[in-house]
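model17.txt, holding compact mmCIF, C-alpha atoms and all ligand atoms:
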# COMPACT_ATOMS: atom_id res chain seq x y z
CA MET A 1 127.61 146.22 119.95
CA ALA A 2 128.07 143.14 122.15
CA GLU A 3 126.00 140.14 121.13
CA GLU A 4 123.76 140.25 124.20
CA GLY A 5 123.17 143.94 123.47
CA ILE A 6 121.77 143.04 120.10
CA GLU A 7 119.68 140.28 121.63
CA LYS A 8 118.01 142.82 123.91
CA LEU A 9 116.65 144.52 120.79
CA ILE A 10 114.89 141.42 119.54
CA ARG A 11 111.09 141.29 120.05
CA PRO A 12 110.78 139.82 123.56
CA GLU A 13 107.77 137.67 122.64
CA LEU A 14 110.03 135.78 120.23
CA ALA A 15 112.53 134.83 122.95
CA GLY A 16 110.87 131.42 123.41
CA PHE A 17 110.01 130.94 119.72
CA ASP A 18 110.95 127.37 118.77
CA GLY A 19 110.51 127.61 115.01
CA TYR A 20 109.06 124.74 113.02
CA ALA A 21 110.41 121.19 113.14
CA ALA A 22 110.65 120.83 109.35
CA SER A 23 110.96 117.49 107.56
CA LYS A 24 114.43 116.13 106.76
CA SER A 25 115.78 116.04 103.25
CA SER A 26 117.12 112.63 102.21
CA GLN A 27 120.60 114.17 101.71
CA THR A 28 120.93 114.83 105.45
CA LEU A 29 121.04 111.04 105.96
CA GLU A 30 124.01 110.55 103.64
CA GLY A 31 126.68 108.55 105.47
CA LYS A 32 124.42 108.15 108.54
CA VAL A 33 122.46 105.14 107.30
CA ASP A 34 123.59 102.18 105.19
CA ILE A 35 121.20 103.05 102.39
CA PRO A 36 122.15 105.10 99.30
CA VAL A 37 120.39 108.50 99.31
CA GLU A 38 118.45 107.63 96.14
CA ASP A 39 116.91 104.58 97.87
CA ILE A 40 115.65 106.46 100.91
CA ILE A 41 111.87 106.24 101.17
CA LYS A 42 110.55 109.64 102.11
CA LEU A 43 107.18 109.39 103.82
CA ASP A 44 107.57 112.31 106.23
CA ALA A 45 106.28 115.46 104.53
CA ASN A 46 103.08 114.50 102.67
CA GLU A 47 104.85 115.05 99.36
CA ASN A 48 103.65 113.52 96.11
CA PRO A 49 105.63 110.32 95.42
CA TYR A 50 104.95 110.59 91.66
CA GLY A 51 106.51 114.02 91.32
CA CYS A 52 105.13 116.71 89.05
CA SER A 53 103.57 116.31 85.62
CA PRO A 54 106.08 115.59 82.81
CA ARG A 55 104.89 118.75 81.02
CA VAL A 56 106.24 120.81 83.94
CA THR A 57 109.78 119.44 83.65
CA ARG A 58 109.80 119.93 79.88
CA ALA A 59 108.47 123.50 80.05
CA LEU A 60 110.93 124.47 82.79
CA ALA A 61 113.84 123.12 80.76
CA ASP A 62 112.78 125.37 77.86
CA TYR A 63 112.02 128.50 79.91
CA THR A 64 114.30 131.42 79.13
CA ASP A 65 112.91 134.57 80.83
CA ILE A 66 114.47 133.89 84.21
CA ASN A 67 116.03 137.38 84.18
CA LEU A 68 112.57 139.01 84.30
CA TYR A 69 110.39 139.55 87.36
CA PRO A 70 107.00 137.87 87.30
CA ASP A 71 103.74 139.85 86.98
CA SER A 72 103.09 141.19 90.47
CA GLU A 73 99.32 141.24 89.82
CA GLN A 74 99.42 137.50 89.06
CA THR A 75 96.92 138.19 86.24
CA GLU A 76 97.42 135.03 84.13
CA LEU A 77 97.85 132.83 87.16
CA ARG A 78 94.66 134.13 88.74
CA GLN A 79 92.80 133.64 85.42
CA GLN A 80 94.02 130.04 85.29
CA LEU A 81 92.96 129.51 88.90
CA GLN A 82 89.57 131.01 88.11
CA ALA A 83 89.12 128.42 85.36
CA TYR A 84 90.28 125.61 87.67
CA THR A 85 88.21 126.57 90.72
CA GLY A 86 85.16 128.16 89.12
CA ILE A 87 85.66 131.11 91.50
CA SER A 88 86.10 134.59 90.02
CA MET A 89 89.70 135.84 89.96
CA SER A 90 88.65 138.92 91.95
CA HIS A 91 88.52 136.54 94.94
CA ILE A 92 91.87 134.84 94.28
CA VAL A 93 95.39 135.61 95.54
CA ALA A 94 98.40 133.30 95.13
CA GLY A 95 101.52 133.00 97.24
CA ALA A 96 104.78 131.13 97.77
CA GLY A 97 103.00 128.06 99.11
CA SER A 98 99.79 128.24 101.10
CA ASP A 99 102.12 128.83 104.06
CA GLN A 100 102.69 132.36 102.79
CA LEU A 101 98.96 133.01 102.60
CA ILE A 102 98.48 131.85 106.20
CA ASP A 103 101.16 134.38 107.13
CA LEU A 104 99.60 137.18 105.07
CA VAL A 105 96.11 136.60 106.46
CA MET A 106 97.48 136.79 110.00
CA ARG A 107 99.48 139.92 109.20
CA LEU A 108 96.33 141.48 107.81
CA PHE A 109 94.13 140.72 110.82
CA LEU A 110 96.30 140.52 113.93
CA LYS A 111 97.52 143.25 116.17
CA PRO A 112 99.46 142.34 119.34
CA GLY A 113 97.35 140.28 121.73
CA ASP A 114 94.56 139.44 119.27
CA GLU A 115 93.32 135.88 119.61
CA VAL A 116 93.22 133.11 117.04
CA ILE A 117 91.24 129.93 117.68
CA ASN A 118 93.23 126.86 116.69
CA CYS A 119 91.66 123.38 116.86
CA ILE A 120 94.52 121.19 118.09
CA PRO A 121 96.13 118.86 117.21
CA THR A 122 96.56 120.50 113.82
CA PHE A 123 99.08 121.85 111.32
CA ALA A 124 101.99 123.21 113.38
CA MET A 125 102.51 126.17 111.05
CA PHE A 126 99.26 127.67 112.32
CA ARG A 127 100.70 128.22 115.79
CA PHE A 128 104.02 129.26 114.24
CA PHE A 129 102.43 132.13 112.31
CA ILE A 130 100.09 133.18 115.14
CA LYS A 131 103.14 133.62 117.35
CA LEU A 132 105.25 135.21 114.64
CA CYS A 133 102.47 137.72 113.90
CA ASN A 134 102.16 138.69 117.57
CA GLY A 135 98.82 136.95 118.13
CA THR A 136 97.66 134.76 121.00
CA PRO A 137 96.76 131.17 120.11
CA VAL A 138 93.58 129.98 121.83
CA GLU A 139 93.76 126.21 121.62
CA VAL A 140 90.52 124.26 121.43
CA PRO A 141 91.15 120.50 121.65
CA ARG A 142 89.48 118.21 119.10
CA ASP A 143 87.47 115.23 120.43
CA GLU A 144 88.83 111.67 120.77
CA ASN A 145 88.24 111.06 117.03
CA PHE A 146 89.96 114.37 116.21
CA LYS A 147 86.70 116.04 115.18
CA VAL A 148 86.38 119.79 115.76
CA ASP A 149 84.39 120.54 118.93
CA VAL A 150 82.09 123.18 117.44
CA ASN A 151 80.49 124.17 120.76
CA ALA A 152 83.90 124.62 122.38
CA VAL A 153 85.01 126.76 119.41
CA LYS A 154 81.95 128.97 119.82
CA LYS A 155 82.52 129.24 123.56
CA ALA A 156 86.17 130.22 123.03
CA ILE A 157 85.20 133.34 121.03
CA THR A 158 85.88 136.62 122.86
CA ASP A 159 85.93 140.23 121.73
CA LYS A 160 89.63 139.73 120.92
CA THR A 161 89.04 136.82 118.52
CA LYS A 162 90.17 137.77 115.03
CA LEU A 163 90.34 134.40 113.29
CA ILE A 164 89.29 130.76 113.53
CA LEU A 165 91.52 128.21 111.76
CA LEU A 166 90.17 124.97 110.33
CA ALA A 167 92.23 122.55 108.25
CA THR A 168 90.02 120.06 106.42
CA PRO A 169 91.22 117.37 106.00
CA ASN A 170 93.27 118.17 109.05
CA ASN A 171 97.03 117.55 109.19
CA PRO A 172 98.26 115.34 110.91
CA THR A 173 94.98 113.54 111.74
CA GLY A 174 93.41 113.22 108.26
CA THR A 175 89.99 114.20 109.68
CA MET A 176 87.39 116.19 107.70
CA THR A 177 85.31 118.96 109.23
CA PRO A 178 81.76 118.41 107.96
CA TYR A 179 80.18 121.16 105.88
CA LYS A 180 77.47 121.80 108.48
CA ASP A 181 80.08 122.34 111.23
CA ILE A 182 81.93 124.87 109.08
CA LEU A 183 78.63 126.68 108.40
CA GLU A 184 77.83 126.78 112.11
CA ILE A 185 81.24 128.30 112.80
CA LEU A 186 80.84 130.78 109.91
CA ASP A 187 77.54 131.89 111.41
CA THR A 188 79.45 133.32 114.39
CA GLY A 189 80.63 136.09 112.04
CA VAL A 190 84.30 135.68 113.05
CA PRO A 191 86.70 135.41 110.06
CA VAL A 192 87.28 131.71 109.33
CA LEU A 193 90.31 130.43 107.43
CA VAL A 194 89.55 126.99 105.98
CA ASP A 195 92.74 125.26 104.84
CA GLU A 196 91.96 122.77 102.05
CA ALA A 197 95.57 121.80 101.28
CA TYR A 198 94.40 118.21 100.60
CA TYR A 199 91.20 119.14 98.71
CA GLU A 200 92.02 117.09 95.60
CA PHE A 201 92.13 113.94 97.76
CA THR A 202 88.56 114.52 98.99
CA SER A 203 86.71 116.63 96.41
CA GLU A 204 84.78 118.22 99.31
CA THR A 205 85.06 121.96 99.38
CA ILE A 206 83.47 125.01 100.95
CA ALA A 207 84.97 127.31 98.26
CA PRO A 208 81.68 127.93 96.35
CA LEU A 209 80.53 129.89 99.43
CA VAL A 210 83.42 132.35 99.22
CA GLY A 211 81.89 135.76 98.59
CA LYS A 212 78.52 134.62 99.92
CA TYR A 213 79.97 134.60 103.44
CA LYS A 214 81.91 137.79 104.11
CA ASN A 215 84.01 135.95 106.73
CA LEU A 216 85.03 132.84 104.71
CA MET A 217 88.57 132.37 103.36
CA VAL A 218 89.76 129.12 101.74
CA LEU A 219 93.35 128.07 101.06
CA ARG A 220 94.65 125.49 98.60
CA THR A 221 98.07 124.38 97.37
CA PHE A 222 99.83 122.80 94.39
CA SER A 223 102.26 121.05 96.76
CA LYS A 224 100.27 117.87 97.32
CA TRP A 225 98.10 116.83 94.35
CA ALA A 226 100.28 118.46 91.66
CA GLY A 227 103.67 117.53 93.15
CA LEU A 228 105.01 121.11 93.20
CA ALA A 229 106.03 121.35 96.89
CA GLY A 230 109.57 122.41 95.98
CA LEU A 231 108.40 125.32 93.82
CA ARG A 232 106.21 126.80 96.58
CA VAL A 233 102.89 127.78 95.12
CA GLY A 234 99.50 127.97 96.78
CA TYR A 235 96.46 130.20 96.56
CA GLY A 236 93.51 131.40 98.52
CA MET A 237 89.93 132.39 97.78
CA PHE A 238 88.72 135.39 99.77
CA PRO A 239 85.93 137.95 99.89
CA THR A 240 86.99 140.54 97.28
CA LYS A 241 87.74 143.21 99.91
CA ILE A 242 90.15 140.88 101.69
CA ALA A 243 91.67 139.76 98.37
CA ASP A 244 92.34 143.43 97.51
CA TYR A 245 94.12 144.00 100.81
CA LEU A 246 96.16 140.82 100.42
CA LEU A 247 97.23 141.84 96.91
CA ARG A 248 98.45 145.11 98.39
CA ILE A 249 100.35 143.66 101.36
CA LYS A 250 101.93 140.66 99.64
CA GLU A 251 105.52 140.80 98.54
CA PRO A 252 105.18 141.86 94.86
CA TYR A 253 106.91 138.92 93.20
CA CYS A 254 106.04 136.21 95.71
CA VAL A 255 105.18 133.56 93.10
CA ASN A 256 108.33 132.99 91.06
CA VAL A 257 108.43 132.45 87.31
CA ALA A 258 109.21 128.73 87.56
CA ALA A 259 106.13 128.24 89.75
CA LEU A 260 104.01 130.18 87.23
CA VAL A 261 105.15 127.89 84.40
CA ALA A 262 104.58 124.83 86.57
CA VAL A 263 101.02 125.80 87.47
CA ARG A 264 100.15 126.55 83.83
CA GLU A 265 101.47 123.16 82.70
CA SER A 266 99.94 121.24 85.62
CA LEU A 267 96.53 122.66 84.78
CA GLU A 268 96.98 121.32 81.22
CA GLU A 269 97.49 117.83 82.65
CA ILE A 270 94.88 117.57 85.37
CA ASP A 271 93.74 114.09 84.30
CA TYR A 272 97.26 112.68 84.63
CA LEU A 273 97.74 114.31 88.05
CA MET A 274 94.34 113.17 89.29
CA SER A 275 95.05 109.59 88.20
CA ASN A 276 98.09 109.71 90.52
CA VAL A 277 95.85 111.12 93.25
CA LYS A 278 93.48 108.16 92.74
CA THR A 279 96.37 105.71 93.07
CA ILE A 280 97.51 107.43 96.27
CA ILE A 281 93.97 107.15 97.69
CA ALA A 282 93.80 103.43 96.80
CA GLU A 283 97.22 102.91 98.41
CA ARG A 284 96.08 104.81 101.51
CA GLU A 285 93.18 102.39 101.92
CA ARG A 286 95.45 99.35 101.33
CA LEU A 287 97.98 100.64 103.88
CA PHE A 288 95.21 101.46 106.36
CA SER A 289 93.82 97.93 106.35
CA ARG A 290 97.31 96.42 106.72
CA LEU A 291 98.19 98.77 109.60
CA LYS A 292 94.87 97.96 111.27
CA LYS A 293 95.93 94.29 111.35
CA MET A 294 99.11 95.16 113.26
CA GLN A 295 97.92 94.86 116.86
CA TRP A 296 100.52 97.30 118.11
CA LEU A 297 99.47 100.17 115.85
CA ASN A 298 96.18 102.05 115.77
CA PRO A 299 95.71 103.91 112.48
CA TYR A 300 93.07 106.65 112.18
CA PRO A 301 90.93 106.87 109.03
CA SER A 302 92.27 109.61 106.75
CA GLN A 303 90.91 111.61 103.84
CA ALA A 304 94.33 112.94 102.85
CA ASN A 305 97.65 111.54 101.53
CA PHE A 306 98.89 110.32 104.92
CA ILE A 307 97.81 108.17 107.86
CA LEU A 308 98.23 108.97 111.54
CA CYS A 309 98.85 105.95 113.81
CA SER A 310 99.05 105.63 117.57
CA VAL A 311 101.95 103.40 118.56
CA LEU A 312 100.63 101.07 121.27
CA LYS A 313 103.87 99.27 122.04
CA GLY A 314 107.17 101.04 122.68
CA LYS A 315 107.78 104.68 121.84
CA ALA A 316 106.90 106.37 118.56
CA LYS A 317 110.20 108.24 118.62
CA GLU A 318 112.15 105.00 118.83
CA LEU A 319 110.09 103.44 116.05
CA GLN A 320 110.69 106.51 113.88
CA GLN A 321 114.43 106.21 114.52
CA ARG A 322 114.47 102.49 113.71
CA LEU A 323 112.64 103.15 110.45
CA GLU A 324 115.10 105.95 109.67
CA ASP A 325 118.04 103.58 110.30
CA ARG A 326 116.51 101.39 107.57
CA GLY A 327 116.12 104.31 105.20
CA ILE A 328 112.43 105.08 105.75
CA LEU A 329 111.51 108.60 106.89
CA VAL A 330 108.23 109.17 108.73
CA ARG A 331 107.08 111.86 111.16
CA TYR A 332 106.61 111.21 114.87
CA PHE A 333 104.63 113.23 117.39
CA ASP A 334 104.72 113.10 121.14
CA GLN A 335 102.75 115.97 122.60
CA PRO A 336 99.51 116.43 124.52
CA LEU A 337 96.58 114.96 122.48
CA LEU A 338 99.07 113.32 120.15
CA GLU A 339 101.08 111.01 122.34
CA ASP A 340 103.31 108.40 120.73
CA SER A 341 102.05 108.81 117.21
CA LEU A 342 103.50 108.39 113.73
CA ARG A 343 102.32 110.13 110.60
CA ILE A 344 103.07 108.13 107.47
CA SER A 345 102.73 109.81 104.07
CA ILE A 346 101.48 107.52 101.32
CA GLY A 347 104.26 106.46 98.95
CA ARG A 348 104.31 104.44 95.73
CA PRO A 349 103.00 100.86 96.07
CA GLU A 350 106.52 99.40 96.17
CA GLU A 351 107.56 101.90 98.87
CA ASN A 352 104.48 101.11 100.93
CA ASP A 353 105.29 97.39 100.60
CA ILE A 354 108.78 97.96 102.00
CA LEU A 355 107.33 100.08 104.82
CA MET A 356 104.84 97.35 105.76
CA GLU A 357 107.47 94.59 105.67
CA THR A 358 109.77 96.71 107.83
CA LEU A 359 106.99 97.50 110.30
CA ASN A 360 106.19 93.78 110.56
CA GLU A 361 109.84 93.03 111.33
CA LEU A 362 110.07 95.84 113.88
CA GLY A 363 106.82 94.62 115.48
CA GLU A 364 108.47 91.21 116.03
CA GLU A 365 111.58 92.88 117.46
CA LEU A 366 109.43 94.92 119.84
CA ASN A 367 107.77 91.65 120.94
CA ASP A 368 111.13 90.20 122.02
C1 LIG B 401 97.10 121.73 106.35
C2 LIG B 401 98.25 122.26 105.56
N1 LIG B 401 98.22 123.53 105.14
C3 LIG B 401 99.23 124.06 104.44
C4 LIG B 401 100.35 123.31 104.12
C5 LIG B 401 101.49 124.00 103.42
O1 LIG B 401 101.39 123.85 102.08
P1 LIG B 401 102.36 124.66 101.10
O2 LIG B 401 103.39 123.71 100.64
O3 LIG B 401 101.45 125.11 100.01
O4 LIG B 401 102.93 125.81 101.87
C6 LIG B 401 100.44 121.99 104.54
C7 LIG B 401 101.64 121.20 104.24
O5 LIG B 401 101.90 120.16 104.76
C8 LIG B 401 99.36 121.46 105.29
O6 LIG B 401 99.40 120.20 105.74
Could you render the structure from this file as structure tokens?
Ligand SMILES: Cc1ncc(COP(=O)(O)O)c(C=O)c1O
Amino acid sequence: MAEEGIEKLIRPELAGFDGYAASKSSQTLEGKVDIPVEDIIKLDANENPYGCSPRVTRALADYTDINLYPDSEQTELRQQLQAYTGISMSHIVAGAGSDQLIDLVMRLFLKPGDEVINCIPTFAMFRFFIKLCNGTPVEVPRDENFKVDVNAVKKAITDKTKLILLATPNNPTGTMTPYKDILEILDTGVPVLVDEAYYEFTSETIAPLVGKYKNLMVLRTFSKWAGLAGLRVGYGMFPTKIADYLLRIKEPYCVNVAALVAVRESLEEIDYLMSNVKTIIAERERLFSRLKKMQWLNPYPSQANFILCSVLKGKAKELQQRLEDRGILVRYFDQPLLEDSLRISIGRPEENDILMETLNELGEELND
């Protein structure tokens, strides 16, 4: 069959699907910048600059059962997550990153044309999965401080609304959605997916209400606080009926054996991991006050492991490129409600120092 013949068979609603602009790996810069790959400072994907716990690397080196499939019921993993969260395992389902759970929840709820309320600007994967799962995104803009506009969310609900998405803290703005706002949205009765990917940086959670509200679902991940982004493991807490459906529709072996080992070991070393989280929070506050002093940048307060800044002089894209040329990767945004903005993930103190020095130099250059 000719190539255009095959193309005709592709779902037409995916013709304009752009995919996700994923972060760059340091290796892609090899030979393009004058900095050795190992010295590149990667502040573009909200990864953990301290890596995983040392127990994880040791246990993975010793692991031998790679030839065997993992337990598709995730029994041990869900027991461990029950102990960690205090939520019964009958509510818990794990996946290959919380990304996979966003996908599964949408697959479970959406039929073509169903609406999903998305409070923009927010995590770009939300829109990605709504589109991929044949839904219609209904975008409700946040206010000027990036807070969710609860009244506008309520007004946007129609008889086609199947889900409301709330990331708290929100990516890329770092903004929390207060408990009372989440409760007000839950009271509408529409299923609400609360994404707490950065929970360990805030300690604020709505999870204890899972099960009490039949429409509340909460997602978490090991990518950020536990430094396991590369192993892809996240989990969600759901009303038991929803959890049962998700366990049935998930790919049977979606959490791989390396991820299972890594979660088990991480949960044996929570104090170590949380001390890194504390350092990241302290660094976030140090970086915030330094950025605030740079007249040409406007940082927004953040409760996560990154800071969003408006770039007031020049273009964010150009600044991102100049940082990249000097071996520092950050994320830039230039879209409605997020014009000329940079999102900087918090690195180690020495990395943040280099970033700040470089920004000071670039600020001078932009002055010239
Ligand atoms: C709000 C939010 N949800 C989910 C994720 C994805 O996490 P995971 O690595 O568990 O798929 C991210 C990652 O950046 C995020 O910012």
Exercise. Using only C-alpha atoms and all ligand atoms, what are the residues with an atom within 7 Å of ligand LIG 401 (chain B), set out as a PyMOL selection string?
Worked result: chain A and resi 45-46+96-100+123+167+170-171+195-197+220-223+229+232-234
Go through stretch 123-201 of chain A residue by residue and, counting only C-alpha atoms, keep those with an atom at most 12 Å from stretch 288-301 of chain A; for each kept residue give the shortest atom pair and its distance in Å to one decimal, ordered by chain and increasing number, as CSV.
residue,atom,partner,partner_atom,distance
A:Glu144,CA,A:Tyr300,CA,10.8
A:Asn145,CA,A:Tyr300,CA,8.1
A:Phe146,CA,A:Tyr300,CA,9.2
A:Lys147,CA,A:Tyr300,CA,11.7
A:Pro169,CA,A:Pro301,CA,10.9
A:Asn170,CA,A:Pro301,CA,11.5
A:Asn171,CA,A:Tyr300,CA,12.0
A:Pro172,CA,A:Tyr300,CA,10.2
A:Thr173,CA,A:Tyr300,CA,7.2
A:Gly174,CA,A:Pro301,CA,6.9
A:Thr175,CA,A:Pro301,CA,7.4
A:Met176,CA,A:Pro301,CA,10.1
Show which residues sit within 12 Å of A:Val56, as a PDB file with C-alpha atoms, in the frame of the given file. Count only C-alpha atoms, and ignore same-chain residues fewer than 3 positions away.
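Listed below is the output, result_27.pdb:
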ATOM      1  CA  GLY A  51     106.510 114.020  91.320  1.00  0.00           C
ATOM      2  CA  CYS A  52     105.130 116.710  89.050  1.00  0.00           C
ATOM      3  CA  SER A  53     103.570 116.310  85.620  1.00  0.00           C
ATOM      4  CA  ALA A  59     108.470 123.500  80.050  1.00  0.00           C
ATOM      5  CA  LEU A  60     110.930 124.470  82.790  1.00  0.00           C
ATOM      6  CA  ALA A  61     113.840 123.120  80.760  1.00  0.00           C
ATOM      7  CA  ASP A  62     112.780 125.370  77.860  1.00  0.00           C
ATOM      8  CA  TYR A  63     112.020 128.500  79.910  1.00  0.00           C
ATOM      9  CA  ALA A 226     100.280 118.460  91.660  1.00  0.00           C
ATOM     10  CA  GLY A 227     103.670 117.530  93.150  1.00  0.00           C
ATOM     11  CA  LEU A 228     105.010 121.110  93.200  1.00  0.00           C
ATOM     12  CA  LEU A 231     108.400 125.320  93.820  1.00  0.00           C
ATOM     13  CA  ALA A 258     109.210 128.730  87.560  1.00  0.00           C
ATOM     14  CA  ALA A 259     106.130 128.240  89.750  1.00  0.00           C
ATOM     15  CA  LEU A 260     104.010 130.180  87.230  1.00  0.00           C
ATOM     16  CA  VAL A 261     105.150 127.890  84.400  1.00  0.00           C
ATOM     17  CA  ALA A 262     104.580 124.830  86.570  1.00  0.00           C
ATOM     18  CA  VAL A 263     101.020 125.800  87.470  1.00  0.00           C
ATOM     19  CA  ARG A 264     100.150 126.550  83.830  1.00  0.00           C
ATOM     20  CA  GLU A 265     101.470 123.160  82.700  1.00  0.00           C
ATOM     21  CA  SER A 266      99.940 121.240  85.620  1.00  0.00           C
ATOM     22  CA  LEU A 267      96.530 122.660  84.780  1.00  0.00           C
ATOM     23  CA  GLU A 268      96.980 121.320  81.220  1.00  0.00           C
ATOM     24  CA  GLU A 269      97.490 117.830  82.650  1.00  0.00           C
ATOM     25  CA  ILE A 270      94.880 117.570  85.370  1.00  0.00           C
ATOM     26  CA  LEU A 273      97.740 114.310  88.050  1.00  0.00           C
TER      27      LEU A 273
END
Problem set entry | For A:Asp181, the nearest of the candidates A:Lys212, A:Lys154, A:Lys313, A:Arg326, counting all atoms listed in the file | A:Lys154
For this session: Tell me, as a ChimeraX atom specification, which residues lie within 8 Å of stretch 78-94 of chain A, counting all atoms listed in the file; anything in the same chain fewer than 5 positions away does not count.
Result: /A:101,207-208,210-211,233-240,243,246-247,255,264,267
For this session: Provide the atom CA of A:Ile346 to atom CA of A:Pro49 distance in Å, to one decimal place.
Result: 7.7 Å
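If you measure from each of A:Gln74, A:Gln320, A:Thr168, A:Asn118 to A:Ile182 using only C-alpha atoms, the closest one turns out to be A:Thr168.
Using only C-alpha atoms, the shortest contact distance between A:Glu200 and any of A:Ile157, A:Val140, A:Leu186, A:Ile281 is found at A:Ile281.
Between atom CA of A:Tyr69 and atom CA of A:Met106 the interatomic distance comes to 26.2 Å.
Atom CA of A:Leu209 is positioned 15.2 Å from atom CA of A:Lys241.
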For this session: Find the residues near A:Phe129: any atom within 12 Å, counting all atoms listed in the file, skip ones fewer than 3 places away on the same chain, and give them as a PyMOL selection string.
Result: chain A and resi 14+17-20+99-107+110+116+118+123-126+132-137+165
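Using all atoms listed in the file, the nearest neighbour of A:Val277 within the list A:Pro178, A:Gly347, A:Gly230, A:Pro121 is A:Gly347.
Counting all atoms listed in the file, the residue from A:Leu359, A:Ile344, A:Leu323, A:Val257 that sits nearest to A:Ile35 is A:Leu323.
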